[in-house]
Structure formats: C-alpha cells, structure tokens
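One file, work31.cif, carrying mmCIF, C-alpha atoms:
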data_input
#
loop_
_atom_site.label_atom_id
_atom_site.label_comp_id
_atom_site.auth_asym_id
_atom_site.auth_seq_id
_atom_site.Cartn_x
_atom_site.Cartn_y
_atom_site.Cartn_z
CA MET F 222 -57.59 -8.01 -48.12
CA ILE F 223 -56.51 -5.00 -50.27
CA SER F 224 -56.67 -7.06 -53.50
CA GLU F 225 -60.36 -7.86 -52.81
CA LEU F 226 -61.33 -4.16 -52.55
CA PRO F 227 -62.75 -2.38 -55.57
CA LYS F 228 -60.01 -0.78 -57.56
CA SER F 229 -61.30 2.69 -56.73
CA GLN F 230 -60.96 1.98 -52.97
CA ARG F 231 -57.52 0.42 -53.06
CA PRO F 232 -54.62 2.51 -51.55
CA SER F 233 -52.26 3.83 -54.15
CA ARG F 234 -48.85 2.25 -54.49
CA ASN F 235 -47.33 5.52 -53.27
CA PHE F 236 -49.48 5.42 -50.15
CA GLN F 237 -48.48 1.80 -49.46
CA LYS F 238 -44.81 2.66 -49.88
CA LYS F 239 -45.09 5.55 -47.42
CA ALA F 240 -46.91 3.35 -44.91
CA ARG F 241 -44.18 0.71 -45.09
CA LYS F 242 -41.52 3.43 -44.65
CA ARG F 243 -43.28 4.83 -41.57
CA LYS F 244 -43.53 1.34 -40.11
CA ARG F 245 -39.78 0.75 -40.65
CA LYS F 246 -38.98 4.09 -38.99
CA ARG F 247 -41.12 3.16 -35.97
CA ILE F 248 -39.31 -0.19 -35.64
CA ILE F 249 -35.89 1.47 -35.96
CA ARG F 250 -36.77 4.12 -33.35
CA THR F 251 -38.02 1.42 -30.96
CA VAL F 252 -34.82 -0.61 -31.37
CA LEU F 253 -32.63 2.47 -30.90
CA LEU F 254 -34.53 3.57 -27.79
CA LEU F 255 -34.23 0.05 -26.37
CA ALA F 256 -30.47 0.01 -27.06
CA VAL F 257 -30.01 3.43 -25.45
CA PHE F 258 -31.97 2.28 -22.40
CA ILE F 259 -29.82 -0.87 -22.09
CA LEU F 260 -26.61 1.17 -22.40
CA ILE F 261 -27.74 3.71 -19.79
CA ALA F 262 -28.88 0.98 -17.36
CA GLY F 263 -25.68 -1.03 -17.87
CA GLY F 264 -23.50 2.03 -17.47
CA ALA F 265 -25.28 3.04 -14.27
CA TYR F 266 -24.91 -0.49 -12.84
CA LEU F 267 -21.21 -0.62 -13.73
CA GLY F 268 -20.62 2.87 -12.33
CA ILE F 269 -22.28 2.03 -9.02
CA ASN F 270 -20.20 -1.15 -8.66
CA ILE F 271 -16.95 0.65 -9.50
CA LEU F 272 -17.73 3.30 -6.86
CA GLN F 273 -18.36 0.50 -4.37
CA GLY F 274 -14.99 -1.04 -5.21
CA ASN F 275 -16.35 -4.13 -6.98
CA TYR F 276 -14.62 -5.51 -10.05
CA TYR F 277 -15.73 -8.25 -12.43
CA GLY F 278 -12.89 -8.36 -14.92
CA LYS F 279 -10.08 -10.87 -15.30
CA PRO F 280 -7.37 -10.89 -12.64
CA VAL F 281 -4.45 -8.68 -13.55
CA GLU F 282 -0.79 -9.62 -13.49
CA ALA F 283 0.73 -9.29 -10.02
CA TYR F 284 2.50 -6.05 -9.20
CA ASP F 285 6.15 -6.25 -10.32
CA THR F 286 8.47 -3.54 -9.03
CA SER F 287 11.33 -4.71 -11.26
CA LYS F 288 9.25 -3.52 -14.22
CA VAL F 289 7.71 -0.50 -12.58
CA PHE F 290 10.80 1.33 -11.44
CA HIS F 291 12.95 0.99 -14.55
CA ASP F 292 10.73 1.85 -17.50
CA VAL F 293 7.97 4.15 -18.70
CA LEU F 294 5.46 2.56 -16.30
CA TYR F 295 7.21 4.44 -13.48
CA ASP F 296 5.14 7.60 -13.98
CA LYS F 297 1.87 5.69 -14.25
CA GLU F 298 2.61 3.74 -11.08
CA ASN F 299 3.58 6.92 -9.24
CA LEU F 300 0.30 8.53 -10.27
CA ARG F 301 -1.58 5.46 -9.05
CA SER F 302 0.24 5.65 -5.73
CA LYS F 303 -0.74 9.31 -5.31
CA SER F 304 -4.38 8.48 -6.02
CA PHE F 305 -4.32 5.80 -3.31
CA ALA F 306 -2.96 8.33 -0.84
CA SER F 307 -5.54 11.00 -1.72
CA LYS F 308 -8.29 9.52 0.49
CA LEU F 309 -8.22 7.72 3.81
CA CYS F 310 -9.90 4.73 5.37
CA VAL F 311 -11.91 6.02 8.33
CA SER F 312 -14.05 4.33 10.96
CA SER F 313 -15.54 5.82 14.09
CA GLU F 314 -15.94 2.34 15.55
CA GLY F 315 -13.26 0.95 17.82
CA ASP F 316 -13.58 -2.62 16.55
CA VAL F 317 -14.71 -3.72 13.08
CA ASP F 318 -14.91 -7.29 11.78
CA ARG F 319 -16.21 -7.70 8.23
CA VAL F 320 -13.97 -10.66 7.39
CA LYS F 321 -13.69 -14.27 8.50
CA ASN F 322 -11.42 -16.31 10.75
CA VAL F 323 -8.96 -13.64 11.89
CA SER F 324 -6.80 -15.24 14.57
CA LEU F 325 -5.54 -12.29 16.66
CA GLU F 326 -5.43 -13.12 20.35
CA GLN F 327 -6.70 -11.17 23.33
CA GLY F 328 -4.66 -8.03 23.89
CA GLN F 329 -3.32 -7.92 20.34
CA LYS F 330 -4.02 -5.07 17.94
CA GLY F 331 -4.40 -5.15 14.19
CA LEU F 332 -6.29 -4.01 11.11
CA LEU F 333 -7.04 -4.69 7.45
CA PHE F 334 -7.89 -1.77 5.14
CA ASN F 335 -8.84 -1.82 1.46
CA LEU F 336 -7.08 1.22 -0.02
CA SER F 337 -8.91 0.89 -3.35
CA ASN F 338 -12.33 1.71 -1.91
CA HIS F 339 -11.19 3.07 1.51
CA LYS F 340 -13.07 0.40 3.47
CA VAL F 341 -12.15 -0.78 6.96
CA LEU F 342 -12.48 -4.57 6.74
CA TYR F 343 -11.05 -5.44 10.14
CA ALA F 344 -9.89 -3.45 13.14
CA ASN F 345 -9.05 -4.50 16.66
CA GLY F 346 -7.87 -1.67 18.92
CA MET F 347 -6.78 0.42 15.95
CA TYR F 348 -6.72 3.62 18.03
CA ASP F 349 -5.03 2.00 21.04
CA ARG F 350 -1.47 2.93 22.02
CA VAL F 351 1.21 0.38 21.12
CA TYR F 352 5.00 0.26 21.04
CA PRO F 353 6.03 0.29 17.37
CA ALA F 354 9.55 -1.16 17.70
CA SER F 355 11.28 -1.00 14.29
CA ILE F 356 8.06 -0.11 12.47
CA THR F 357 9.27 3.34 13.55
CA LYS F 358 11.70 3.13 10.62
CA ILE F 359 8.86 3.77 8.17
CA MET F 360 8.85 7.37 9.42
CA THR F 361 12.66 7.55 9.32
CA ALA F 362 12.60 6.40 5.68
CA LEU F 363 9.84 8.89 4.81
CA LEU F 364 11.92 11.80 6.07
CA ALA F 365 14.97 10.52 4.18
CA PHE F 366 12.96 10.42 0.94
CA LYS F 367 11.32 13.76 1.66
CA ASN F 368 14.37 15.76 2.76
CA GLY F 369 17.48 13.97 1.51
CA ASN F 370 19.39 13.32 -1.70
CA LEU F 371 19.84 9.54 -1.91
CA ASP F 372 23.07 9.93 -3.91
CA GLU F 373 24.86 11.95 -1.21
CA THR F 374 27.57 10.35 0.92
CA VAL F 375 27.19 10.10 4.68
CA THR F 376 30.24 9.70 6.95
CA ILE F 377 29.36 7.50 9.90
CA ALA F 378 29.94 9.16 13.31
CA GLN F 379 30.67 7.46 16.60
CA GLU F 380 27.29 8.47 18.00
CA ASP F 381 25.59 6.59 15.13
CA VAL F 382 27.05 3.29 16.28
CA THR F 383 26.82 3.82 20.04
CA LEU F 384 23.66 1.84 20.75
CA GLU F 385 22.32 -0.43 23.47
CA ASP F 386 23.65 -3.97 23.71
CA GLY F 387 21.84 -6.43 21.48
CA ALA F 388 20.57 -3.81 19.02
CA GLN F 389 20.48 -5.02 15.42
CA VAL F 390 23.25 -3.27 13.48
CA CYS F 391 24.82 -3.47 10.04
CA GLY F 392 28.34 -3.25 11.49
CA PHE F 393 29.31 0.27 10.44
CA MET F 394 32.25 1.97 12.16
CA ALA F 395 33.00 5.65 12.72
CA GLY F 396 34.61 7.08 9.57
CA ASP F 397 32.88 4.71 7.11
CA LYS F 398 31.46 6.43 4.01
CA VAL F 399 28.02 5.23 2.90
CA THR F 400 25.48 6.82 0.57
CA LEU F 401 22.08 7.81 1.92
CA ASP F 402 20.52 5.34 -0.54
CA GLN F 403 22.58 2.52 0.97
CA LEU F 404 21.60 3.56 4.47
CA VAL F 405 17.90 3.50 3.57
CA HIS F 406 18.34 0.02 2.09
CA CYS F 407 20.00 -1.13 5.32
CA LEU F 408 17.20 0.54 7.28
CA LEU F 409 14.26 -1.07 5.46
CA VAL F 410 15.71 -4.45 4.46
CA TYR F 411 17.78 -5.39 7.50
CA SER F 412 16.30 -2.94 10.04
CA GLY F 413 19.76 -1.67 11.00
CA ASN F 414 19.62 0.62 14.01
CA ASP F 415 23.01 2.14 13.18
CA ALA F 416 21.64 3.03 9.73
CA ALA F 417 18.63 4.74 11.39
CA SER F 418 20.90 6.78 13.67
CA ALA F 419 23.13 7.86 10.76
CA ILE F 420 20.13 8.92 8.67
CA ALA F 421 18.69 10.89 11.58
CA ARG F 422 21.91 12.78 12.26
CA TYR F 423 22.51 13.45 8.56
CA ILE F 424 18.97 14.68 7.79
CA GLY F 425 18.28 16.48 11.06
CA GLY F 426 21.74 17.70 12.03
CA THR F 427 21.23 16.04 15.39
CA GLN F 428 19.10 13.09 16.42
CA GLU F 429 17.09 15.37 18.71
CA ASN F 430 16.22 17.67 15.81
CA PHE F 431 15.35 14.69 13.62
CA VAL F 432 12.95 13.38 16.30
CA ASP F 433 11.24 16.78 16.26
CA MET F 434 10.91 16.40 12.48
CA MET F 435 9.41 12.94 12.97
CA ASN F 436 6.77 14.20 15.38
CA SER F 437 6.00 17.23 13.23
CA TYR F 438 5.52 15.13 10.09
CA ALA F 439 3.46 12.56 12.01
CA ALA F 440 1.13 15.36 13.11
CA LYS F 441 0.90 16.57 9.51
CA LEU F 442 -0.16 13.08 8.41
CA GLY F 443 -2.89 13.07 11.08
CA CYS F 444 -1.13 10.69 13.51
CA THR F 445 -2.85 11.93 16.67
CA GLY F 446 -1.79 8.94 18.79
CA THR F 447 1.93 8.98 18.02
CA HIS F 448 4.99 10.26 19.86
CA PHE F 449 8.55 9.45 18.81
CA THR F 450 11.70 9.72 20.92
CA ASN F 451 14.20 8.07 18.56
CA PRO F 452 14.62 7.18 14.85
CA HIS F 453 14.90 3.39 15.25
CA GLY F 454 12.25 2.19 17.69
CA LEU F 455 14.45 0.83 20.48
CA GLN F 456 12.33 0.62 23.62
CA ASP F 457 11.29 3.84 25.32
CA GLU F 458 8.03 4.21 27.25
CA ASP F 459 7.43 7.63 25.65
CA HIS F 460 7.89 6.21 22.15
CA TYR F 461 4.52 4.95 20.94
CA THR F 462 1.94 4.99 18.16
CA THR F 463 -1.36 3.30 17.17
CA PRO F 464 -2.19 0.79 14.43
CA TYR F 465 -4.21 3.49 12.66
CA ASP F 466 -1.25 5.90 12.72
CA ILE F 467 0.98 3.17 11.27
CA TYR F 468 -1.55 2.89 8.43
CA LEU F 469 -1.25 6.64 7.85
CA MET F 470 2.55 6.32 7.62
CA LEU F 471 2.31 3.43 5.16
CA ASN F 472 -0.24 5.37 3.16
CA ALA F 473 2.25 8.24 2.92
CA ALA F 474 5.00 5.79 1.92
CA LEU F 475 2.99 4.94 -1.21
CA LYS F 476 3.96 8.35 -2.58
CA TYR F 477 7.56 7.13 -2.82
CA PRO F 478 8.18 4.25 -5.26
CA GLU F 479 11.57 3.79 -3.58
CA PHE F 480 9.82 2.56 -0.45
CA THR F 481 8.15 -0.44 -2.08
CA GLU F 482 11.16 -1.06 -4.32
CA ILE F 483 13.49 -1.34 -1.31
CA SER F 484 11.19 -2.94 1.26
CA GLN F 485 10.34 -5.75 -1.17
CA LEU F 486 13.95 -6.99 -1.38
CA PRO F 487 14.74 -10.39 0.23
CA SER F 488 18.36 -9.36 0.78
CA TYR F 489 20.81 -6.54 0.17
CA THR F 490 24.57 -6.31 -0.08
CA VAL F 491 25.97 -2.95 0.99
CA THR F 492 29.38 -2.07 -0.49
CA TYR F 493 31.07 1.00 0.96
CA GLN F 494 34.42 2.56 1.84
CA ASN F 495 35.65 2.23 5.40
CA ALA F 496 37.66 4.77 7.40
CA TYR F 497 40.93 3.35 5.98
CA GLY F 498 39.84 3.73 2.35
CA GLU F 499 39.20 0.01 1.92
CA THR F 500 36.15 -1.35 0.13
CA VAL F 501 33.91 -3.37 2.42
CA SER F 502 30.86 -5.48 1.50
CA THR F 503 28.27 -6.83 3.92
CA ALA F 504 25.41 -9.14 2.92
CA LEU F 505 22.16 -8.45 4.78
CA THR F 506 19.03 -10.62 4.86
CA ALA F 507 15.53 -9.14 5.06
CA THR F 508 13.73 -9.32 8.39
CA ASP F 509 10.39 -9.98 6.62
CA HIS F 510 9.88 -13.74 6.43
CA TYR F 511 7.55 -13.43 3.43
CA LEU F 512 10.49 -12.08 1.46
CA THR F 513 13.00 -14.69 2.62
CA GLY F 514 10.66 -17.63 1.98
CA GLU F 515 10.39 -18.56 5.66
CA ALA F 516 6.68 -17.68 5.46
CA THR F 517 4.31 -18.00 2.50
CA ALA F 518 1.55 -15.51 1.72
CA PRO F 519 -1.87 -16.82 0.65
CA LYS F 520 -2.45 -17.56 -3.04
CA ASP F 521 -2.72 -14.52 -5.35
CA VAL F 522 -1.41 -12.13 -2.68
CA THR F 523 1.60 -10.00 -3.65
CA ILE F 524 3.63 -8.36 -0.87
CA LEU F 525 4.42 -4.80 -1.99
CA GLY F 526 6.43 -3.71 1.02
CA GLY F 527 6.22 -2.92 4.69
CA LYS F 528 8.17 -3.17 7.91
CA THR F 529 8.75 -5.60 10.75
CA GLY F 530 9.33 -4.69 14.38
CA THR F 531 10.34 -6.70 17.45
CA THR F 532 11.16 -5.83 21.04
CA ASP F 533 10.35 -7.61 24.30
CA LEU F 534 7.58 -5.16 25.17
CA ALA F 535 6.24 -4.59 21.64
CA GLY F 536 6.23 -8.28 20.76
CA ASN F 537 6.47 -9.35 17.13
CA CYS F 538 4.89 -6.81 14.79
CA LEU F 539 4.36 -6.51 11.03
CA ALA F 540 2.86 -3.77 8.87
CA LEU F 541 2.33 -4.63 5.20
CA LEU F 542 1.27 -3.18 1.89
CA SER F 543 -0.10 -5.95 -0.34
CA GLN F 544 -2.08 -6.43 -3.54
CA ASN F 545 -4.69 -8.99 -4.54
CA ALA F 546 -5.20 -10.70 -7.90
CA TYR F 547 -7.35 -7.84 -9.18
CA GLY F 548 -4.85 -5.06 -8.52
CA LYS F 549 -6.51 -3.78 -5.35
CA THR F 550 -4.12 -2.57 -2.64
CA PHE F 551 -4.43 -3.28 1.10
CA VAL F 552 -2.78 -2.37 4.39
CA SER F 553 -2.63 -5.11 7.02
CA ILE F 554 -1.10 -4.75 10.47
CA VAL F 555 -0.54 -7.22 13.32
CA MET F 556 0.94 -6.00 16.62
CA GLY F 557 2.03 -7.91 19.69
CA ALA F 558 2.36 -11.52 18.53
CA SER F 559 4.18 -13.74 21.01
CA SER F 560 6.37 -15.38 18.33
CA LYS F 561 7.34 -14.88 14.70
CA GLU F 562 5.60 -18.11 13.72
CA LEU F 563 2.36 -16.85 15.25
CA LEU F 564 2.85 -13.41 13.68
CA TYR F 565 2.84 -14.76 10.12
CA LYS F 566 0.00 -17.17 10.85
CA GLN F 567 -2.09 -14.24 12.10
CA MET F 568 -1.10 -12.04 9.17
CA ASN F 569 -2.18 -14.79 6.76
CA SER F 570 -5.54 -14.95 8.51
CA LEU F 571 -5.99 -11.32 7.42
CA LEU F 572 -4.51 -11.67 3.94
CA LYS F 573 -6.71 -14.66 3.08
CA ASN F 574 -9.63 -12.23 2.96
CA ILE F 575 -8.30 -9.82 0.31
CA ASN F 576 -9.16 -11.99 -2.70
#

Would you encode the structure as structure tokens?
Amino acid sequence: MISELPKSQRPSRNFQKKARKRKRKRIIRTVLLLAVFILIAGGAYLGINILQGNYYGKPVEAYDTSKVFHDVLYDKENLRSKSFASKLCVSSEGDVDRVKNVSLEQGQKGLLFNLSNHKVLYANGMYDRVYPASITKIMTALLAFKNGNLDETVTIAQEDVTLEDGAQVCGFMAGDKVTLDQLVHCLLVYSGNDAASAIARYIGGTQENFVDMMNSYAAKLGCTGTHFTNPHGLQDEDHYTTPYDIYLMLNAALKYPEFTEISQLPSYTVTYQNAYGETVSTALTATDHYLTGEATAPKDVTILGGKTGTTDLAGNCLALLSQNAYGKTFVSIVMGASSKELLYKQMNSLLKNIN
C-alpha cells in the first residue's frame, strides 16, 4: 500500500489527484461510447422495422372523417393520402397468399394490399378480366373530382334517365336541377345509374366523350386490363377491368378526401329543385352493408370508403379502403360472390388479417 512506502517513494498528492482525474475521464468516455453505441444500434433496428412496415407503438384512434374534413387536420390528411398514392403494390406472381383462412371460392377473384408498406398480402387472379358492375363508378367519381366544380348546377336531361329496365336510379326527371356534389353523393352512396349518366354528360359533353376520358385516365393510372363503355357499369361484354386495376383506381381516389367522406356515409338525402320549380327530397340508403349495419367488420377495422357492384354476370362485388388499429391503410377486393351474405363473409376473411 502507498502508506507503507517510504515517504520519498510515495506519489505526490498532485500526482494522485491527476491519476484519479484520468481514471474518471476513462470511465466517462467508456459510458458515453456505450450510450452512443446503444443509440445507434437502437436507431438502426427501429429504422429497419419502420421500412419493413412494422410498428410497435400503441394503437391510434380510428380514422374519423367527420374530424378530418372540417378542421385543420384536413391538410395533414390530404398530405398523408398523397404519400399513400406515391408508390404502388406490385407483384409479378399471379396468386399470392400470405394470410390465413381466406374463403374465396373457385372462380372468384380478389386481393388484399397493405398500402402502408406496399405489400401484396393476398391475390387470387388479380390480373384476370372481370366485369366491374357499379365499381365502375369509382372512375366516374374520379373524373368528376378531377374535372368538375362540385358547386355547379346540372340540369338533368332525358338521356340521363333513359336506362335499361331494373337499373338502380335515384328517380330524377328531365328538367330537375341538381348540383354536381349531390350527383356524386347519389353516385357513391346509392349507386344511382341516372346520377352516373348525368355526371358523364355534364363533364364530357356527351357520354361517348366521357367514356373516352375514362379510358384515357385509366391508361394514365396504369390500368392495362381495363376498357370502359359506359359511366355506370351496366352489363356490356366490352366493359371490363381487373382486380389490380380496381386497386389502382382506389389508390387514385385517396388523393380526393371527398371520396372517402362521401363513400363512408350510411345514407344521404338529396334535396333539389324539379322541373316545375318545386323542392324535392329523396332519402337514399347506402349499398354497402358495412355502412348500414347489415354487416359487421372485424374488430379494430375502420371502413374508409369504397364501392359495391352487382349484376347477374359480375356477381356481388366489393372494393374497400380500410384502416387497422395502428393507422395502416389497406385495399381489399372481392369479385364474383354468389350472394351478398357470402360477399361480406368473404370480405371479413380478408379484413381479419389486417390487425
């Protein structure tokens, strides 16, 4: 020990003080280096998981359009929508199944895409040709948002209401005056074919010109398997698309907050002026059974919007935008179900996988 050394050989107090100071500095440097290493390693791990689309935080509050579209969150939500649309889910494989217990039957087509990390979770015949029925109206709405002023008034023409027997209509008559905004509500909530025809004539000048606009915009979106012949989806053998192209249309719809705001409504009452100057009101119920309460989505799944479609040849079809408990957004599509009951059962088999 130092105290046992001869006085002449003992280190000076100054030397001891410096030694203790150097020792403290070495300890501090070691601790700091260790902390830096932990921060770098933790940051790298977190960064890799974020890039892979994983999230370990607390579930966020479900998406609420009533808050989004009427306050300062509007701009933030719009920016988020644009970021979702900036990249695409892509798969070179015809069929993909990374989820469990999907109940689509033989001959049916469908898919489930995670828009947050651009992963294809499920796909069955996603590039195969299908009849879209009223899912066509997603494209009709897109062109209304893109090219129209929703506040402008549209006067219904006779050609708008001259449709095949049995077509779903809102009951407009020639001479009625309806705003474009009201027509889009009737289009997306109630799937009114007369509303689709009126929008097409108003935006395109003629329905033929509007159909050209539909096909041109579909090509611009990358819809290589789509060809439209009308704005509503009533049966025509040359009117077709693919599940993947429907995804591309829904992806484009995310750029317009009006789309999710309107297509999330369980009902809509349209109040307009008829040809005699009288005020007329018609209550319309949504065709989406999730919105009307006739079907229930899995726990912690929020339906953000979408479109139904039904014809004899297309079967029962549904294309949805939805969100899970962690704020991740998904597209899910089921085509060709034999009944509405089966359609929502099959859609739930997809949606159960998003949480």

Return as a PyMOL selection string the set of residues that the PyMOL selection byres ((chain F and resi 551-555) around 6) yields on the displayed structure. chain F and resi 331-336+538-543+550+556

Report as a ChimeraX atom specification the residues that result from applying the PyMOL selection byres ((chain F and resi 393) around 9) to the structure here. /F:377,381-382,390-392,394-397,415-416,495

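You will find atom CA of F:Phe480 at 17.1 Å from atom CA of F:Ala421.
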
Nearest to F:Leu572: which of F:Glu515, F:Asp533, F:Glu429, F:Asp521 is it, counting all atoms listed in the file?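 Counting all atoms listed in the file, the residue closest to F:Leu572 is F:Asp521.
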
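Using all atoms listed in the file, the smallest distance between any of F:Pro353, F:Pro452, F:Gly426, F:Gly527 and F:Thr508 comes from F:Gly527.
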